[in-house]
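Colleague: A single structure is presented below for examination.
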Amino acid sequence: MWLGNLSQLTHLDLSINNFSGEISSSLTNLKALSYLNLAQNHLSGALPMWLGNLSQLTVLNLPINNFSGEMPSSLTNLKALSYLDLQRNHLSGALPMWIGNLSQLTDLYLSMNNFSGEMPSSLSNLIVLSTLSLGWNHLCGKISS
């Protein structure tokens with residue numbers, strides 16, 4: 001895909017289209033990218049591990065697609081990430097403990113997936129978090145201890 005050749009691109013918004021299949025690995029070449037919005041498409045498959053190589057990302061907006069599987073641990077490399085929206089997909093498994101390492105997160109939207117288990121205690125590390133949306137999953141246990 002030719003988009004991978006735009007090495008100086010910082011903002012990519014392809015939301016509300018009819019793109020399908022997996023996210024093209026050519027986007028891994030976009031090292032300057034700080035904003036990625038692929039919301040409301042028909043993208044599917046697992047979230048790619050290489051997303052964690054986009055170290056300048058501050059906004060990762062991928063809701064209302066058909067992504068499945070677990071959140072890739074490589075996302076913990078996104079130290080500048082302030083906004084993460086993965087709502088309304090088919091993501092599953094436990095919410096990962098490493099999510100608490102994303103210390104710049106102000107907005108975290110993971111509702112309407114298939115996450116299960118308890119909320120990780122590491123969420124308490126997200127001291128600048130202003131919005132946390134975890135509704136419509138299969139979470140259990142105590143809300144807070």
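The chains in the structure tokens are called A, B, ... from first to last as shown; in each chain the residues are counted from 1, and the ligands are counted from 1 in the order shown.
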Give me the residues near Gly135 (chain A) as a ChimeraX atom specification, where near means some atom within 9 Å (using only C-alpha atoms) and where sequence neighbours in that chain fewer than 5 positions away do not count.
Modeller: /A:110-113
Colleague: For those residues, write C-alpha atoms to a file as a JSON list (two decimals), in the first residue's frame.
Modeller:
[["chain", "number", "residue", "atom", "x", "y", "z"],
["A", 110, "LEU", "CA", -12.70, -0.87, 25.75],
["A", 111, "SER", "CA", -16.47, -1.35, 26.03],
["A", 112, "MET", "CA", -18.56, -3.74, 23.95],
["A", 113, "ASN", "CA", -15.94, -6.46, 23.48]]
Colleague: I want to know what sits within 7 Å of region 94-98 of chain A, based on only C-alpha atoms, with residues of the same chain fewer than 2 positions away left out; could you give that as a ChimeraX atom specification?
Modeller: /A:76,92,100-101,115-117,119-120,122
Colleague: Using only C-alpha atoms, can you tell me which of A:Leu91, A:Leu134, A:Asn65, A:Thr58 comes closest to Gln104 (chain A)?
Modeller: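 Closest to Gln104 (chain A), using only C-alpha atoms: A:Thr58.
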Colleague: Please return as number ranges by chain: the residues of region 10-121 of chain A that backbone DSSP assigns to strand (DSSP E).
Modeller: A: 11-13, 20-21, 35-37, 42-46, 59-61, 66-69, 83-85, 90-94, 107-109, 114-117
Colleague: Tell me, as a PDB file with all heavy atoms, in the first residue's frame, which residues lie within 8 Å of Asn66 (chain A), counting only C-alpha atoms; anything in the same chain fewer than 6 positions away does not count.
Modeller:
ATOM      1  N   HIS A  42     -14.555  -2.103   8.243  1.00  0.00           N
ATOM      2  CA  HIS A  42     -14.839  -3.540   8.345  1.00  0.00           C
ATOM      3  C   HIS A  42     -13.530  -4.289   8.506  1.00  0.00           C
ATOM      4  O   HIS A  42     -13.350  -5.381   7.946  1.00  0.00           O
ATOM      5  CB  HIS A  42     -15.599  -4.014   7.093  1.00  0.00           C
ATOM      6  CG  HIS A  42     -16.878  -3.269   6.859  1.00  0.00           C
ATOM      7  ND1 HIS A  42     -18.015  -3.520   7.580  1.00  0.00           N
ATOM      8  CD2 HIS A  42     -17.180  -2.250   6.018  1.00  0.00           C
ATOM      9  CE1 HIS A  42     -18.970  -2.694   7.186  1.00  0.00           C
ATOM     10  NE2 HIS A  42     -18.490  -1.915   6.232  1.00  0.00           N
ATOM     11  N   LEU A  43     -12.611  -3.703   9.251  1.00  0.00           N
ATOM     12  CA  LEU A  43     -11.296  -4.305   9.462  1.00  0.00           C
ATOM     13  C   LEU A  43     -11.436  -5.503  10.402  1.00  0.00           C
ATOM     14  O   LEU A  43     -12.282  -5.502  11.297  1.00  0.00           O
ATOM     15  CB  LEU A  43     -10.338  -3.265  10.032  1.00  0.00           C
ATOM     16  CG  LEU A  43     -10.101  -2.071   9.101  1.00  0.00           C
ATOM     17  CD1 LEU A  43      -9.356  -0.961   9.829  1.00  0.00           C
ATOM     18  CD2 LEU A  43      -9.361  -2.506   7.852  1.00  0.00           C
ATOM     19  N   SER A  44     -10.600  -6.505  10.202  1.00  0.00           N
ATOM     20  CA  SER A  44     -10.743  -7.743  10.971  1.00  0.00           C
ATOM     21  C   SER A  44      -9.377  -8.349  11.269  1.00  0.00           C
ATOM     22  O   SER A  44      -8.343  -7.817  10.882  1.00  0.00           O
ATOM     23  CB  SER A  44     -11.616  -8.738  10.199  1.00  0.00           C
ATOM     24  OG  SER A  44     -11.027  -9.031   8.945  1.00  0.00           O
ATOM     25  N   GLY A  45      -9.421  -9.481  11.937  1.00  0.00           N
ATOM     26  CA  GLY A  45      -8.196 -10.167  12.325  1.00  0.00           C
ATOM     27  C   GLY A  45      -7.712  -9.660  13.670  1.00  0.00           C
ATOM     28  O   GLY A  45      -8.363  -8.857  14.340  1.00  0.00           O
ATOM     29  N   ARG A  88     -16.362  -1.750  20.669  1.00  0.00           N
ATOM     30  CA  ARG A  88     -17.214  -2.399  19.658  1.00  0.00           C
ATOM     31  C   ARG A  88     -16.410  -3.192  18.638  1.00  0.00           C
ATOM     32  O   ARG A  88     -16.537  -3.008  17.433  1.00  0.00           O
ATOM     33  CB  ARG A  88     -18.124  -1.369  18.987  1.00  0.00           C
ATOM     34  CG  ARG A  88     -19.135  -0.782  19.960  1.00  0.00           C
ATOM     35  CD  ARG A  88     -20.071   0.196  19.334  1.00  0.00           C
ATOM     36  NE  ARG A  88     -20.889  -0.465  18.322  1.00  0.00           N
ATOM     37  CZ  ARG A  88     -21.790   0.159  17.575  1.00  0.00           C
ATOM     38  NH1 ARG A  88     -21.975   1.452  17.715  1.00  0.00           N
ATOM     39  NH2 ARG A  88     -22.487  -0.499  16.682  1.00  0.00           N
ATOM     40  N   ASN A  89     -15.569  -4.073  19.169  1.00  0.00           N
ATOM     41  CA  ASN A  89     -14.867  -5.048  18.356  1.00  0.00           C
ATOM     42  C   ASN A  89     -15.203  -6.419  18.927  1.00  0.00           C
ATOM     43  O   ASN A  89     -16.256  -6.584  19.553  1.00  0.00           O
ATOM     44  CB  ASN A  89     -13.358  -4.754  18.372  1.00  0.00           C
ATOM     45  CG  ASN A  89     -12.980  -3.654  17.396  1.00  0.00           C
ATOM     46  OD1 ASN A  89     -13.002  -3.859  16.191  1.00  0.00           O
ATOM     47  ND2 ASN A  89     -12.642  -2.474  17.917  1.00  0.00           N
ATOM     48  N   HIS A  90     -14.349  -7.385  18.729  1.00  0.00           N
ATOM     49  CA  HIS A  90     -14.565  -8.727  19.272  1.00  0.00           C
ATOM     50  C   HIS A  90     -13.325  -9.171  20.035  1.00  0.00           C
ATOM     51  O   HIS A  90     -12.936 -10.339  19.987  1.00  0.00           O
ATOM     52  CB  HIS A  90     -14.890  -9.719  18.141  1.00  0.00           C
ATOM     53  CG  HIS A  90     -16.059  -9.303  17.310  1.00  0.00           C
ATOM     54  ND1 HIS A  90     -17.359  -9.394  17.756  1.00  0.00           N
ATOM     55  CD2 HIS A  90     -16.130  -8.758  16.073  1.00  0.00           C
ATOM     56  CE1 HIS A  90     -18.177  -8.928  16.818  1.00  0.00           C
ATOM     57  NE2 HIS A  90     -17.455  -8.532  15.795  1.00  0.00           N
TER      58      HIS A  90
END
Colleague: What is the distance between CA of Ser34 (chain A) and CA of Met49 (chain A), in Å to one decimal?
Modeller: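 Going from CA of Ser34 (chain A) over to CA of Met49 (chain A) covers 17.1 Å.
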Colleague: Tell me which of A:Leu3, A:Leu129, A:Leu60, A:Ile16 sits closest to Leu30 (chain A), counting only C-alpha atoms.
Modeller: A:Leu3
Colleague: To one decimal place, how far is CA of Glu70 (chain A) from CA of Pro48 (chain A) in Å?
Modeller: 10.3 Å
Colleague: May I have the residues within 8 Å of Ala39 (chain A) as a list in words, using only C-alpha atoms and disregarding those fewer than 2 positions away in the same chain?
Modeller: Leu14, Ser15, Ile16, Asn37, Asn41, Asn61, Leu62, Pro63, Ile64 and Asn65 of chain A
Colleague: I need the residues from that last selection saved to file as a PDB file, in the first residue's frame (with all heavy atoms), if you can.
Modeller:
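Printed below is part.pdb as written:
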ATOM      1  N   LEU A  14      -8.809   7.512   8.366  1.00  0.00           N
ATOM      2  CA  LEU A  14      -9.529   6.774   7.327  1.00  0.00           C
ATOM      3  C   LEU A  14     -10.843   6.228   7.894  1.00  0.00           C
ATOM      4  O   LEU A  14     -11.353   5.207   7.449  1.00  0.00           O
ATOM      5  CB  LEU A  14      -8.662   5.620   6.803  1.00  0.00           C
ATOM      6  CG  LEU A  14      -7.339   6.014   6.140  1.00  0.00           C
ATOM      7  CD1 LEU A  14      -6.532   4.775   5.787  1.00  0.00           C
ATOM      8  CD2 LEU A  14      -7.583   6.858   4.907  1.00  0.00           C
ATOM      9  N   SER A  15     -11.391   6.928   8.866  1.00  0.00           N
ATOM     10  CA  SER A  15     -12.590   6.459   9.557  1.00  0.00           C
ATOM     11  C   SER A  15     -13.830   6.546   8.667  1.00  0.00           C
ATOM     12  O   SER A  15     -13.876   7.289   7.687  1.00  0.00           O
ATOM     13  CB  SER A  15     -12.813   7.279  10.830  1.00  0.00           C
ATOM     14  OG  SER A  15     -13.002   8.642  10.530  1.00  0.00           O
ATOM     15  N   ILE A  16     -14.814   5.740   9.040  1.00  0.00           N
ATOM     16  CA  ILE A  16     -16.139   5.702   8.419  1.00  0.00           C
ATOM     17  C   ILE A  16     -16.034   5.494   6.907  1.00  0.00           C
ATOM     18  O   ILE A  16     -16.443   6.307   6.093  1.00  0.00           O
ATOM     19  CB  ILE A  16     -16.976   6.954   8.771  1.00  0.00           C
ATOM     20  CG1 ILE A  16     -16.896   7.235  10.276  1.00  0.00           C
ATOM     21  CG2 ILE A  16     -18.434   6.749   8.359  1.00  0.00           C
ATOM     22  CD1 ILE A  16     -17.574   8.524  10.710  1.00  0.00           C
ATOM     23  N   ASN A  37      -6.623   6.928  13.039  1.00  0.00           N
ATOM     24  CA  ASN A  37      -8.059   6.725  13.208  1.00  0.00           C
ATOM     25  C   ASN A  37      -8.571   5.862  12.061  1.00  0.00           C
ATOM     26  O   ASN A  37      -8.630   6.299  10.918  1.00  0.00           O
ATOM     27  CB  ASN A  37      -8.791   8.069  13.224  1.00  0.00           C
ATOM     28  CG  ASN A  37     -10.271   7.929  13.545  1.00  0.00           C
ATOM     29  OD1 ASN A  37     -10.794   6.825  13.656  1.00  0.00           O
ATOM     30  ND2 ASN A  37     -10.943   9.045  13.703  1.00  0.00           N
ATOM     31  N   ASN A  41     -14.964   0.863  10.147  1.00  0.00           N
ATOM     32  CA  ASN A  41     -14.698   0.217   8.874  1.00  0.00           C
ATOM     33  C   ASN A  41     -15.132  -1.236   9.013  1.00  0.00           C
ATOM     34  O   ASN A  41     -15.991  -1.548   9.848  1.00  0.00           O
ATOM     35  CB  ASN A  41     -13.214   0.357   8.516  1.00  0.00           C
ATOM     36  CG  ASN A  41     -12.899   1.705   7.894  1.00  0.00           C
ATOM     37  OD1 ASN A  41     -13.236   1.954   6.757  1.00  0.00           O
ATOM     38  ND2 ASN A  41     -12.250   2.578   8.654  1.00  0.00           N
ATOM     39  N   ASN A  61      -7.294   5.080  17.487  1.00  0.00           N
ATOM     40  CA  ASN A  61      -8.756   5.032  17.459  1.00  0.00           C
ATOM     41  C   ASN A  61      -9.196   3.963  16.460  1.00  0.00           C
ATOM     42  O   ASN A  61      -9.166   4.192  15.254  1.00  0.00           O
ATOM     43  CB  ASN A  61      -9.281   6.424  17.057  1.00  0.00           C
ATOM     44  CG  ASN A  61     -10.738   6.605  17.383  1.00  0.00           C
ATOM     45  OD1 ASN A  61     -11.225   6.109  18.393  1.00  0.00           O
ATOM     46  ND2 ASN A  61     -11.447   7.320  16.548  1.00  0.00           N
ATOM     47  N   LEU A  62      -9.598   2.796  16.976  1.00  0.00           N
ATOM     48  CA  LEU A  62      -9.957   1.660  16.127  1.00  0.00           C
ATOM     49  C   LEU A  62     -11.335   1.067  16.466  1.00  0.00           C
ATOM     50  O   LEU A  62     -11.549  -0.124  16.245  1.00  0.00           O
ATOM     51  CB  LEU A  62      -8.895   0.554  16.272  1.00  0.00           C
ATOM     52  CG  LEU A  62      -7.447   0.938  15.986  1.00  0.00           C
ATOM     53  CD1 LEU A  62      -6.516  -0.230  16.283  1.00  0.00           C
ATOM     54  CD2 LEU A  62      -7.282   1.402  14.559  1.00  0.00           C
ATOM     55  N   PRO A  63     -12.284   1.843  16.957  1.00  0.00           N
ATOM     56  CA  PRO A  63     -13.564   1.240  17.334  1.00  0.00           C
ATOM     57  C   PRO A  63     -14.425   0.871  16.130  1.00  0.00           C
ATOM     58  O   PRO A  63     -14.189   1.312  15.001  1.00  0.00           O
ATOM     59  CB  PRO A  63     -14.242   2.349  18.153  1.00  0.00           C
ATOM     60  CG  PRO A  63     -13.774   3.593  17.499  1.00  0.00           C
ATOM     61  CD  PRO A  63     -12.321   3.297  17.152  1.00  0.00           C
ATOM     62  N   ILE A  64     -15.426   0.059  16.420  1.00  0.00           N
ATOM     63  CA  ILE A  64     -16.470  -0.318  15.463  1.00  0.00           C
ATOM     64  C   ILE A  64     -15.852  -0.965  14.218  1.00  0.00           C
ATOM     65  O   ILE A  64     -16.015  -0.514  13.093  1.00  0.00           O
ATOM     66  CB  ILE A  64     -17.404   0.862  15.115  1.00  0.00           C
ATOM     67  CG1 ILE A  64     -17.807   1.611  16.398  1.00  0.00           C
ATOM     68  CG2 ILE A  64     -18.655   0.371  14.389  1.00  0.00           C
ATOM     69  CD1 ILE A  64     -18.624   2.873  16.161  1.00  0.00           C
ATOM     70  N   ASN A  65     -15.109  -2.021  14.478  1.00  0.00           N
ATOM     71  CA  ASN A  65     -14.547  -2.873  13.438  1.00  0.00           C
ATOM     72  C   ASN A  65     -14.817  -4.314  13.848  1.00  0.00           C
ATOM     73  O   ASN A  65     -15.714  -4.570  14.645  1.00  0.00           O
ATOM     74  CB  ASN A  65     -13.044  -2.586  13.276  1.00  0.00           C
ATOM     75  CG  ASN A  65     -12.781  -1.360  12.414  1.00  0.00           C
ATOM     76  OD1 ASN A  65     -13.024  -1.370  11.223  1.00  0.00           O
ATOM     77  ND2 ASN A  65     -12.275  -0.294  13.030  1.00  0.00           N
TER      78      ASN A  65
END
Colleague: Between A:Met1, A:Asn18, A:Leu81, A:Phe67, which is the closest to Tyr35 (chain A) once you count only C-alpha atoms?
Modeller: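 Ranked by minimum distance to Tyr35 (chain A), first place goes to A:Leu81.
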Colleague: List as a VMD selection string the protein and nucleic acid residues near Gly4 (chain A), meaning an atom at most 8 Å away when only C-alpha atoms are counted, but skip any in the same chain fewer than 3 places from it.
Modeller: chain A and resid 1 7 26 to 30
Colleague: Go ahead and write the selection's residues with N, CA and C atoms as a tab-separated table (two decimals), in the first residue's frame.
Modeller:
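Wrote again08.tsv, looks like this:
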chain	number	residue	atom	x	y	z
A	1	MET	N	0.85	-1.18	0.00
A	1	MET	CA	0.00	0.00	0.00
A	1	MET	C	0.89	1.24	0.00
A	7	SER	N	6.44	8.84	4.75
A	7	SER	CA	7.20	8.70	5.99
A	7	SER	C	7.10	9.90	6.93
A	26	SER	N	2.17	-2.13	5.82
A	26	SER	CA	2.95	-1.01	5.29
A	26	SER	C	2.84	0.21	6.20
A	27	LEU	N	1.81	0.27	7.03
A	27	LEU	CA	1.66	1.41	7.94
A	27	LEU	C	2.76	1.42	9.01
A	28	THR	N	3.43	0.31	9.19
A	28	THR	CA	4.52	0.27	10.17
A	28	THR	C	5.67	1.21	9.77
A	29	ASN	N	5.70	1.63	8.51
A	29	ASN	CA	6.73	2.57	8.04
A	29	ASN	C	6.44	4.01	8.46
A	30	LEU	N	5.28	4.27	9.00
A	30	LEU	CA	4.88	5.63	9.35
A	30	LEU	C	5.39	5.99	10.74
Colleague: Running DSSP on the backbone, which parts of region 1-139 of chain A land in helix (DSSP H, G or I), as a PyMOL selection string?
Modeller: chain A and resi 2-5+25-29+49-53+73-77+97-101+121-125
Colleague: Between CA of Tyr109 (chain A) and CA of Ser133 (chain A), what distance in Å does the model show, to one decimal?
Modeller: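 Rounded to one decimal, the two atoms are 4.7 Å apart.
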Colleague: Excluding Met71 (chain A) and any residue of its chain fewer than 2 positions from it, enumerate the residues within 7 Å of it, using only C-alpha atoms, and give them as a list of chain:residue names.
Modeller: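 Neighbouring residues, sequence-local ones excluded: A:Leu47, A:Gly69, A:Ser73.
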Colleague: Filtering to all heavy atoms, could you give me those residues as a compact mmCIF listing (two decimals), in the first residue's frame?
Modeller:
# COMPACT_ATOMS: atom_id res chain seq x y z
N LEU A 47 -5.32 -7.56 16.24
CA LEU A 47 -4.60 -6.29 16.21
C LEU A 47 -3.12 -6.62 16.01
O LEU A 47 -2.57 -7.44 16.74
CB LEU A 47 -4.79 -5.53 17.53
CG LEU A 47 -6.18 -5.00 17.80
CD1 LEU A 47 -6.26 -4.41 19.20
CD2 LEU A 47 -6.56 -3.95 16.76
N GLY A 69 -9.36 -11.48 19.11
CA GLY A 69 -8.17 -11.92 19.84
C GLY A 69 -7.86 -10.98 20.99
O GLY A 69 -8.67 -10.14 21.37
N SER A 73 0.63 -7.30 23.38
CA SER A 73 1.47 -6.73 24.44
C SER A 73 2.39 -5.64 23.92
O SER A 73 2.87 -4.82 24.69
CB SER A 73 2.28 -7.84 25.11
OG SER A 73 3.12 -8.48 24.16
